[in-house]
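Peer 1: data-v5.tsv is reproduced in full below (TSV, C-alpha atoms).
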chain	number	residue	atom	x	y	z
A	1	MET	CA	35.34	271.61	18.73
A	2	ALA	CA	37.99	272.83	16.35
A	3	LYS	CA	39.81	270.17	14.38
A	4	ARG	CA	43.06	271.14	16.07
A	5	GLU	CA	41.66	270.69	19.59
A	6	GLU	CA	40.11	267.37	18.59
A	7	TYR	CA	43.45	266.04	17.29
A	8	GLU	CA	45.23	267.19	20.45
A	9	ALA	CA	42.57	265.65	22.70
A	10	LYS	CA	42.55	262.29	20.86
A	11	THR	CA	46.35	262.13	20.91
A	12	GLU	CA	46.40	263.02	24.60
A	13	SER	CA	43.90	260.29	25.50
A	14	PHE	CA	46.04	257.72	23.67
A	15	LEU	CA	49.25	258.93	25.33
A	16	LEU	CA	48.07	259.17	28.96
A	17	PRO	CA	48.00	255.40	29.72
A	18	LEU	CA	51.30	255.05	27.85
A	19	MET	CA	52.80	257.73	30.10
A	20	GLU	CA	51.65	255.92	33.23
A	21	GLU	CA	53.05	252.63	31.98
A	22	ASN	CA	56.49	254.27	31.54
A	23	ASN	CA	56.38	256.64	34.54
A	24	PHE	CA	56.51	259.60	32.17
A	25	GLU	CA	54.59	262.83	32.38
A	26	LEU	CA	52.68	264.15	29.39
A	27	VAL	CA	53.53	267.85	29.50
A	28	ASP	CA	51.67	268.99	26.40
A	29	VAL	CA	50.30	268.00	23.01
A	30	GLU	CA	50.03	270.59	20.27
A	31	TYR	CA	48.91	270.55	16.67
A	32	VAL	CA	50.36	273.63	15.01
A	33	LYS	CA	51.18	275.02	11.60
A	34	GLU	CA	54.68	276.41	11.17
A	35	ALA	CA	56.22	277.60	7.90
A	36	GLY	CA	53.54	275.84	5.87
A	37	ASN	CA	53.85	272.48	7.63
A	38	TRP	CA	51.55	270.95	10.25
A	39	TYR	CA	53.25	269.49	13.31
A	40	LEU	CA	51.77	267.15	15.88
A	41	ARG	CA	54.03	267.50	18.90
A	42	ALA	CA	53.99	265.63	22.16
A	43	TYR	CA	56.17	266.93	24.98
A	44	ILE	CA	57.05	264.29	27.55
A	45	ASP	CA	59.11	264.40	30.72
A	46	LYS	CA	60.22	262.22	33.60
A	47	GLU	CA	62.17	262.47	36.82
A	48	GLY	CA	65.80	263.04	35.83
A	49	GLY	CA	64.90	264.06	32.28
A	50	ILE	CA	63.76	262.32	29.13
A	51	THR	CA	66.21	260.56	26.78
A	52	VAL	CA	66.28	260.25	23.00
A	53	ASP	CA	65.40	256.55	23.42
A	54	ASP	CA	62.33	257.48	25.50
A	55	CYS	CA	61.18	259.86	22.76
A	56	GLU	CA	61.79	257.21	20.11
A	57	THR	CA	59.80	254.57	22.01
A	58	ILE	CA	56.80	256.86	22.44
A	59	SER	CA	57.10	258.23	18.90
A	60	ARG	CA	57.04	254.71	17.42
A	61	ARG	CA	53.98	253.64	19.46
A	62	LEU	CA	52.19	256.92	18.75
A	63	GLY	CA	53.10	256.79	15.05
A	64	ASP	CA	51.74	253.24	14.66
A	65	TRP	CA	48.52	254.22	16.43
A	66	LEU	CA	48.11	257.36	14.30
A	67	ASP	CA	48.67	255.33	11.09
A	68	GLU	CA	46.07	252.82	12.22
A	69	LYS	CA	43.42	255.38	13.33
A	70	ASP	CA	44.20	257.81	10.51
A	71	PHE	CA	42.01	260.64	11.85
A	72	ILE	CA	44.22	263.55	10.78
A	73	ALA	CA	43.39	264.61	7.23
A	74	ASP	CA	46.34	266.96	6.66
A	75	SER	CA	49.84	265.69	6.10
A	76	TYR	CA	51.85	266.48	9.21
A	77	ILE	CA	55.16	265.87	10.93
A	78	LEU	CA	55.12	263.95	14.21
A	79	GLU	CA	57.55	265.07	16.90
A	80	VAL	CA	58.00	263.69	20.40
A	81	SER	CA	60.41	265.64	22.56
A	82	SER	CA	61.22	266.80	26.05
A	83	PRO	CA	59.88	270.18	27.14
A	84	GLY	CA	63.36	271.65	27.40
A	85	LEU	CA	64.13	275.34	27.38
A	86	GLY	CA	62.08	277.92	25.62
A	87	ARG	CA	58.83	276.01	25.93
A	88	PRO	CA	55.91	278.23	26.87
A	89	LEU	CA	54.36	277.86	30.32
A	90	LYS	CA	50.68	277.12	29.82
A	91	LYS	CA	49.29	274.90	32.53
A	92	ASP	CA	49.40	275.28	36.31
A	93	LYS	CA	51.90	272.43	36.58
A	94	ASP	CA	54.23	274.33	34.20
A	95	PHE	CA	54.04	277.34	36.52
A	96	ASP	CA	54.47	275.18	39.66
A	97	ARG	CA	57.59	273.61	38.18
A	98	SER	CA	58.99	277.03	37.26
A	99	ILE	CA	58.56	278.89	40.57
A	100	GLY	CA	61.94	280.34	41.52
A	101	LYS	CA	63.26	280.08	37.97
A	102	ASP	CA	63.93	282.91	35.53
A	103	VAL	CA	61.27	283.51	32.90
A	104	ASP	CA	60.92	285.69	29.83
A	105	ILE	CA	57.54	287.35	29.37
A	106	LYS	CA	56.27	289.01	26.21
A	107	LEU	CA	53.15	291.19	26.42
A	108	TYR	CA	50.60	291.87	23.68
A	109	LYS	CA	50.70	295.62	24.40
A	110	PRO	CA	53.53	297.67	25.94
A	111	LEU	CA	53.54	298.37	29.68
A	112	ASN	CA	55.57	301.51	30.49
A	113	LYS	CA	56.76	301.49	26.84
A	114	GLN	CA	58.08	297.93	27.27
A	115	LYS	CA	56.79	294.58	25.95
A	116	ASP	CA	59.52	292.20	27.13
A	117	PHE	CA	60.27	291.42	30.76
A	118	THR	CA	62.61	288.96	32.45
A	119	GLY	CA	62.55	288.02	36.09
A	120	THR	CA	62.24	285.24	38.62
A	121	LEU	CA	58.78	283.70	38.75
A	122	THR	CA	57.65	284.18	42.35
A	123	SER	CA	53.94	283.40	42.15
A	124	TYR	CA	50.90	283.10	39.93
A	125	ASP	CA	47.15	282.65	40.11
A	126	ARG	CA	44.34	282.49	37.57
A	127	GLU	CA	44.51	286.23	36.86
A	128	THR	CA	48.13	287.24	37.38
A	129	VAL	CA	51.78	286.26	37.18
A	130	THR	CA	54.31	287.84	39.57
A	131	ILE	CA	58.02	288.13	38.81
A	132	THR	CA	60.88	289.73	40.69
A	133	GLN	CA	63.14	291.66	38.35
A	134	GLU	CA	66.93	291.93	38.67
A	135	ASP	CA	66.62	295.24	40.50
A	136	GLY	CA	64.46	293.51	43.13
A	137	ILE	CA	61.27	295.18	41.95
A	138	GLU	CA	58.24	292.94	41.97
A	139	LEU	CA	56.08	293.11	38.87
A	140	VAL	CA	52.52	291.78	38.72
A	141	LEU	CA	51.25	291.12	35.19
A	142	ASN	CA	47.71	290.23	34.13
A	143	ARG	CA	47.61	286.82	32.46
A	144	PRO	CA	45.29	287.88	29.61
A	145	GLU	CA	47.86	290.52	28.62
A	146	ILE	CA	50.70	287.99	28.39
A	147	ALA	CA	51.39	286.80	24.84
A	148	LEU	CA	54.13	284.38	25.90
A	149	ILE	CA	55.83	283.27	29.09
A	150	ARG	CA	58.67	280.79	29.05
A	151	LEU	CA	61.78	279.74	30.92
A	152	ALA	CA	64.62	282.15	30.23
A	153	PHE	CA	67.81	281.01	28.55
A	154	ASP	CA	70.92	281.54	30.62
A	155	PHE	CA	73.86	282.19	28.32
Would it be possible to restate this file's structure as structure tokens?
Peer 2:
Amino acid sequence: MAKREEYEAKTESFLLPLMEENNFELVDVEYVKEAGNWYLRAYIDKEGGITVDDCETISRRLGDWLDEKDFIADSYILEVSSPGLGRPLKKDKDFDRSIGKDVDIKLYKPLNKQKDFTGTLTSYDRETVTITQEDGIELVLNRPEIALIRLAFDF
């Protein structure tokens, strides 16, 4: 198992009982390198939305546990936040939650000379994602060809 996956898995197993205790949902844990810094991020949610205090509570408990266990060799920045906008859809529950909402999709390779698509997420399965575009045209995209899918920003 890659070091990254191990860190994510260990962090997840610590957080799950904590989530239950607080009636939170653990949306995702990621260990990623951005602009030369490692980040350990936990995305949490709850009915009605997560607050700054919720994030702080979990961050403090997680931080203490990480200091005590000390299994991450790199120096990293710990972030606990709500999923919010712009977070990629990865797991089935992300897709379930986003049915009927507008999503932005970026493909690895162009389809009809286009890489970026926006539409309403109408359905998905293991192989495909279906969106309805503004013009009412339904588009079925193969999941392996999708580089990124996330909730669209409405500005």
Peer 1: Give me the stretch 69-138 of chain A side of the contact with stretch 22-43 of chain A, cut-off 10 Å, one line per residue showing its nearest atom pair and distance in Å at one decimal, counting all atoms listed in the file, sorted by chain and residue number, as a Markdown table.
Peer 2:
| residue | atom | partner | partner_atom | distance |
| --- | --- | --- | --- | --- |
| A:Ile72 | CA | A:Leu40 | CA | 9.8 |
| A:Asp74 | CA | A:Trp38 | CA | 7.5 |
| A:Ser75 | CA | A:Trp38 | CA | 6.9 |
| A:Tyr76 | CA | A:Trp38 | CA | 4.6 |
| A:Ile77 | CA | A:Tyr39 | CA | 4.7 |
| A:Leu78 | CA | A:Leu40 | CA | 4.9 |
| A:Glu79 | CA | A:Arg41 | CA | 4.7 |
| A:Val80 | CA | A:Ala42 | CA | 4.8 |
| A:Ser81 | CA | A:Tyr43 | CA | 5.0 |
| A:Ser82 | CA | A:Tyr43 | CA | 5.2 |
| A:Pro83 | CA | A:Tyr43 | CA | 5.4 |
| A:Gly84 | CA | A:Tyr43 | CA | 8.9 |
| A:Arg87 | CA | A:Tyr43 | CA | 9.5 |
| A:Lys90 | CA | A:Asp28 | CA | 8.9 |
| A:Lys91 | CA | A:Val27 | CA | 8.8 |
| A:Lys93 | CA | A:Val27 | CA | 8.6 |
| A:Asp94 | CA | A:Val27 | CA | 8.0 |
Peer 1: Give me a file of those residues, with C-alpha atoms, as an mmCIF file, in the coordinates of the input.
Peer 2:
data_model
loop_
_atom_site.group_PDB
_atom_site.id
_atom_site.type_symbol
_atom_site.label_atom_id
_atom_site.label_comp_id
_atom_site.auth_asym_id
_atom_site.auth_seq_id
_atom_site.Cartn_x
_atom_site.Cartn_y
_atom_site.Cartn_z
ATOM 1 C CA ILE A 72 44.220 263.550 10.780
ATOM 2 C CA ASP A 74 46.340 266.960 6.660
ATOM 3 C CA SER A 75 49.840 265.690 6.100
ATOM 4 C CA TYR A 76 51.850 266.480 9.210
ATOM 5 C CA ILE A 77 55.160 265.870 10.930
ATOM 6 C CA LEU A 78 55.120 263.950 14.210
ATOM 7 C CA GLU A 79 57.550 265.070 16.900
ATOM 8 C CA VAL A 80 58.000 263.690 20.400
ATOM 9 C CA SER A 81 60.410 265.640 22.560
ATOM 10 C CA SER A 82 61.220 266.800 26.050
ATOM 11 C CA PRO A 83 59.880 270.180 27.140
ATOM 12 C CA GLY A 84 63.360 271.650 27.400
ATOM 13 C CA ARG A 87 58.830 276.010 25.930
ATOM 14 C CA LYS A 90 50.680 277.120 29.820
ATOM 15 C CA LYS A 91 49.290 274.900 32.530
ATOM 16 C CA LYS A 93 51.900 272.430 36.580
ATOM 17 C CA ASP A 94 54.230 274.330 34.200
#
Peer 1: Between atom CA of A:Lys46 and atom CA of A:Arg61, what distance in Å does the model show, to one decimal?
Peer 2: 17.7 Å
Peer 1: For a test of reading the model, state the distance in Å between atom CA of A:Lys101 and atom CA of A:Leu139, rounded to one decimal.
Peer 2: 14.9 Å
Peer 1: Using Å and a single decimal, report how far atom CA of A:Pro144 sits from atom CA of A:Ser123.
Peer 2: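 Computed distance, atom CA of A:Ser123 to atom CA of A:Pro144, equals 15.9 Å.
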Peer 1: Using all atoms listed in the file, which residue out of A:Arg150, A:Gly49, A:Arg4, A:Leu111 lies closest to A:Leu89?
Peer 2: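 Ranking A:Arg150, A:Gly49, A:Arg4, A:Leu111 by distance to A:Leu89, first place goes to A:Arg150.
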Peer 1: Do you know which residues are at most 8 Å from A:Thr122 counting all atoms listed in the file, after dropping those on the same chain fewer than 5 positions away, and could you put them as a PyMOL selection string?
Peer 2: chain A and resi 99-100+130-132
Peer 1: Using C-alpha atoms, can you write the selected residues to a file as a PDB file, in the coordinates of the input?
Peer 2:
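File again-v3.pdb, as written:
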ATOM      1  CA  ILE A  99      58.560 278.890  40.570  1.00  0.00           C
ATOM      2  CA  GLY A 100      61.940 280.340  41.520  1.00  0.00           C
ATOM      3  CA  THR A 130      54.310 287.840  39.570  1.00  0.00           C
ATOM      4  CA  ILE A 131      58.020 288.130  38.810  1.00  0.00           C
ATOM      5  CA  THR A 132      60.880 289.730  40.690  1.00  0.00           C
TER       6      THR A 132
END
Peer 1: For stretch 121-146 of chain A, where the input has fewer atoms than it should, I would like N, CA, C and O atoms rebuilt and written as a PDB file, in the coordinates of the input.
Peer 2:
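Here's the written file rebuild.pdb:
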ATOM      1  N   LEU A 121      60.194 283.964  38.503  1.00  0.00           N
ATOM      2  CA  LEU A 121      58.780 283.700  38.750  1.00  0.00           C
ATOM      3  C   LEU A 121      58.586 283.460  40.243  1.00  0.00           C
ATOM      4  O   LEU A 121      59.155 282.531  40.799  1.00  0.00           O
ATOM      5  N   THR A 122      57.826 284.348  40.898  1.00  0.00           N
ATOM      6  CA  THR A 122      57.650 284.180  42.350  1.00  0.00           C
ATOM      7  C   THR A 122      56.274 283.637  42.696  1.00  0.00           C
ATOM      8  O   THR A 122      56.139 282.898  43.664  1.00  0.00           O
ATOM      9  N   SER A 123      55.257 283.973  41.893  1.00  0.00           N
ATOM     10  CA  SER A 123      53.940 283.400  42.150  1.00  0.00           C
ATOM     11  C   SER A 123      53.029 283.612  40.960  1.00  0.00           C
ATOM     12  O   SER A 123      53.355 284.361  40.032  1.00  0.00           O
ATOM     13  N   TYR A 124      51.890 282.944  40.989  1.00  0.00           N
ATOM     14  CA  TYR A 124      50.900 283.100  39.930  1.00  0.00           C
ATOM     15  C   TYR A 124      49.541 282.701  40.485  1.00  0.00           C
ATOM     16  O   TYR A 124      49.456 281.992  41.495  1.00  0.00           O
ATOM     17  N   ASP A 125      48.483 283.179  39.836  1.00  0.00           N
ATOM     18  CA  ASP A 125      47.150 282.650  40.110  1.00  0.00           C
ATOM     19  C   ASP A 125      46.388 282.707  38.793  1.00  0.00           C
ATOM     20  O   ASP A 125      46.994 282.913  37.749  1.00  0.00           O
ATOM     21  N   ARG A 126      45.089 282.537  38.828  1.00  0.00           N
ATOM     22  CA  ARG A 126      44.340 282.490  37.570  1.00  0.00           C
ATOM     23  C   ARG A 126      44.429 283.798  36.797  1.00  0.00           C
ATOM     24  O   ARG A 126      44.398 283.824  35.583  1.00  0.00           O
ATOM     25  N   GLU A 127      44.533 284.917  37.510  1.00  0.00           N
ATOM     26  CA  GLU A 127      44.510 286.230  36.860  1.00  0.00           C
ATOM     27  C   GLU A 127      45.885 286.833  36.602  1.00  0.00           C
ATOM     28  O   GLU A 127      46.048 287.615  35.684  1.00  0.00           O
ATOM     29  N   THR A 128      46.853 286.528  37.455  1.00  0.00           N
ATOM     30  CA  THR A 128      48.130 287.240  37.380  1.00  0.00           C
ATOM     31  C   THR A 128      49.350 286.328  37.464  1.00  0.00           C
ATOM     32  O   THR A 128      49.265 285.183  37.894  1.00  0.00           O
ATOM     33  N   VAL A 129      50.477 286.898  37.050  1.00  0.00           N
ATOM     34  CA  VAL A 129      51.780 286.260  37.180  1.00  0.00           C
ATOM     35  C   VAL A 129      52.682 287.306  37.840  1.00  0.00           C
ATOM     36  O   VAL A 129      52.705 288.462  37.424  1.00  0.00           O
ATOM     37  N   THR A 130      53.424 286.906  38.872  1.00  0.00           N
ATOM     38  CA  THR A 130      54.310 287.840  39.570  1.00  0.00           C
ATOM     39  C   THR A 130      55.768 287.418  39.372  1.00  0.00           C
ATOM     40  O   THR A 130      56.121 286.255  39.598  1.00  0.00           O
ATOM     41  N   ILE A 131      56.580 288.377  38.944  1.00  0.00           N
ATOM     42  CA  ILE A 131      58.020 288.130  38.810  1.00  0.00           C
ATOM     43  C   ILE A 131      58.781 289.170  39.618  1.00  0.00           C
ATOM     44  O   ILE A 131      58.291 290.266  39.861  1.00  0.00           O
ATOM     45  N   THR A 132      59.979 288.781  40.045  1.00  0.00           N
ATOM     46  CA  THR A 132      60.880 289.730  40.690  1.00  0.00           C
ATOM     47  C   THR A 132      61.996 290.011  39.699  1.00  0.00           C
ATOM     48  O   THR A 132      62.697 289.096  39.262  1.00  0.00           O
ATOM     49  N   GLN A 133      62.128 291.278  39.328  1.00  0.00           N
ATOM     50  CA  GLN A 133      63.140 291.660  38.350  1.00  0.00           C
ATOM     51  C   GLN A 133      64.511 291.773  39.023  1.00  0.00           C
ATOM     52  O   GLN A 133      64.618 291.790  40.245  1.00  0.00           O
ATOM     53  N   GLU A 134      65.546 291.872  38.180  1.00  0.00           N
ATOM     54  CA  GLU A 134      66.930 291.930  38.670  1.00  0.00           C
ATOM     55  C   GLU A 134      67.141 293.002  39.731  1.00  0.00           C
ATOM     56  O   GLU A 134      67.882 292.813  40.675  1.00  0.00           O
ATOM     57  N   ASP A 135      66.457 294.142  39.557  1.00  0.00           N
ATOM     58  CA  ASP A 135      66.620 295.240  40.500  1.00  0.00           C
ATOM     59  C   ASP A 135      65.826 295.027  41.791  1.00  0.00           C
ATOM     60  O   ASP A 135      65.732 295.920  42.634  1.00  0.00           O
ATOM     61  N   GLY A 136      65.206 293.824  41.910  1.00  0.00           N
ATOM     62  CA  GLY A 136      64.460 293.510  43.130  1.00  0.00           C
ATOM     63  C   GLY A 136      63.022 293.990  43.112  1.00  0.00           C
ATOM     64  O   GLY A 136      62.266 293.759  44.055  1.00  0.00           O
ATOM     65  N   ILE A 137      62.636 294.673  42.042  1.00  0.00           N
ATOM     66  CA  ILE A 137      61.270 295.180  41.950  1.00  0.00           C
ATOM     67  C   ILE A 137      60.325 294.058  41.529  1.00  0.00           C
ATOM     68  O   ILE A 137      60.595 293.318  40.579  1.00  0.00           O
ATOM     69  N   GLU A 138      59.232 293.947  42.287  1.00  0.00           N
ATOM     70  CA  GLU A 138      58.240 292.940  41.970  1.00  0.00           C
ATOM     71  C   GLU A 138      57.273 293.491  40.925  1.00  0.00           C
ATOM     72  O   GLU A 138      56.837 294.632  41.027  1.00  0.00           O
ATOM     73  N   LEU A 139      56.969 292.684  39.935  1.00  0.00           N
ATOM     74  CA  LEU A 139      56.080 293.110  38.870  1.00  0.00           C
ATOM     75  C   LEU A 139      54.921 292.117  38.772  1.00  0.00           C
ATOM     76  O   LEU A 139      55.144 290.914  38.671  1.00  0.00           O
ATOM     77  N   VAL A 140      53.692 292.627  38.835  1.00  0.00           N
ATOM     78  CA  VAL A 140      52.520 291.780  38.720  1.00  0.00           C
ATOM     79  C   VAL A 140      51.885 292.030  37.359  1.00  0.00           C
ATOM     80  O   VAL A 140      51.524 293.169  37.040  1.00  0.00           O
ATOM     81  N   LEU A 141      51.798 290.984  36.536  1.00  0.00           N
ATOM     82  CA  LEU A 141      51.250 291.120  35.190  1.00  0.00           C
ATOM     83  C   LEU A 141      49.940 290.346  35.083  1.00  0.00           C
ATOM     84  O   LEU A 141      49.802 289.261  35.657  1.00  0.00           O
ATOM     85  N   ASN A 142      48.989 290.905  34.333  1.00  0.00           N
ATOM     86  CA  ASN A 142      47.710 290.230  34.130  1.00  0.00           C
ATOM     87  C   ASN A 142      47.860 289.149  33.065  1.00  0.00           C
ATOM     88  O   ASN A 142      48.340 289.429  31.964  1.00  0.00           O
ATOM     89  N   ARG A 143      47.435 287.942  33.391  1.00  0.00           N
ATOM     90  CA  ARG A 143      47.610 286.820  32.460  1.00  0.00           C
ATOM     91  C   ARG A 143      47.016 287.056  31.072  1.00  0.00           C
ATOM     92  O   ARG A 143      47.662 286.709  30.085  1.00  0.00           O
ATOM     93  N   PRO A 144      45.826 287.665  30.961  1.00  0.00           N
ATOM     94  CA  PRO A 144      45.290 287.880  29.610  1.00  0.00           C
ATOM     95  C   PRO A 144      46.151 288.799  28.742  1.00  0.00           C
ATOM     96  O   PRO A 144      46.045 288.773  27.519  1.00  0.00           O
ATOM     97  N   GLU A 145      47.005 289.593  29.363  1.00  0.00           N
ATOM     98  CA  GLU A 145      47.860 290.520  28.620  1.00  0.00           C
ATOM     99  C   GLU A 145      49.183 289.896  28.201  1.00  0.00           C
ATOM    100  O   GLU A 145      49.963 290.492  27.480  1.00  0.00           O
ATOM    101  N   ILE A 146      49.431 288.667  28.679  1.00  0.00           N
ATOM    102  CA  ILE A 146      50.700 287.990  28.390  1.00  0.00           C
ATOM    103  C   ILE A 146      50.575 287.178  27.099  1.00  0.00           C
ATOM    104  O   ILE A 146      49.765 286.265  27.007  1.00  0.00           O
TER     105      ILE A 146
END
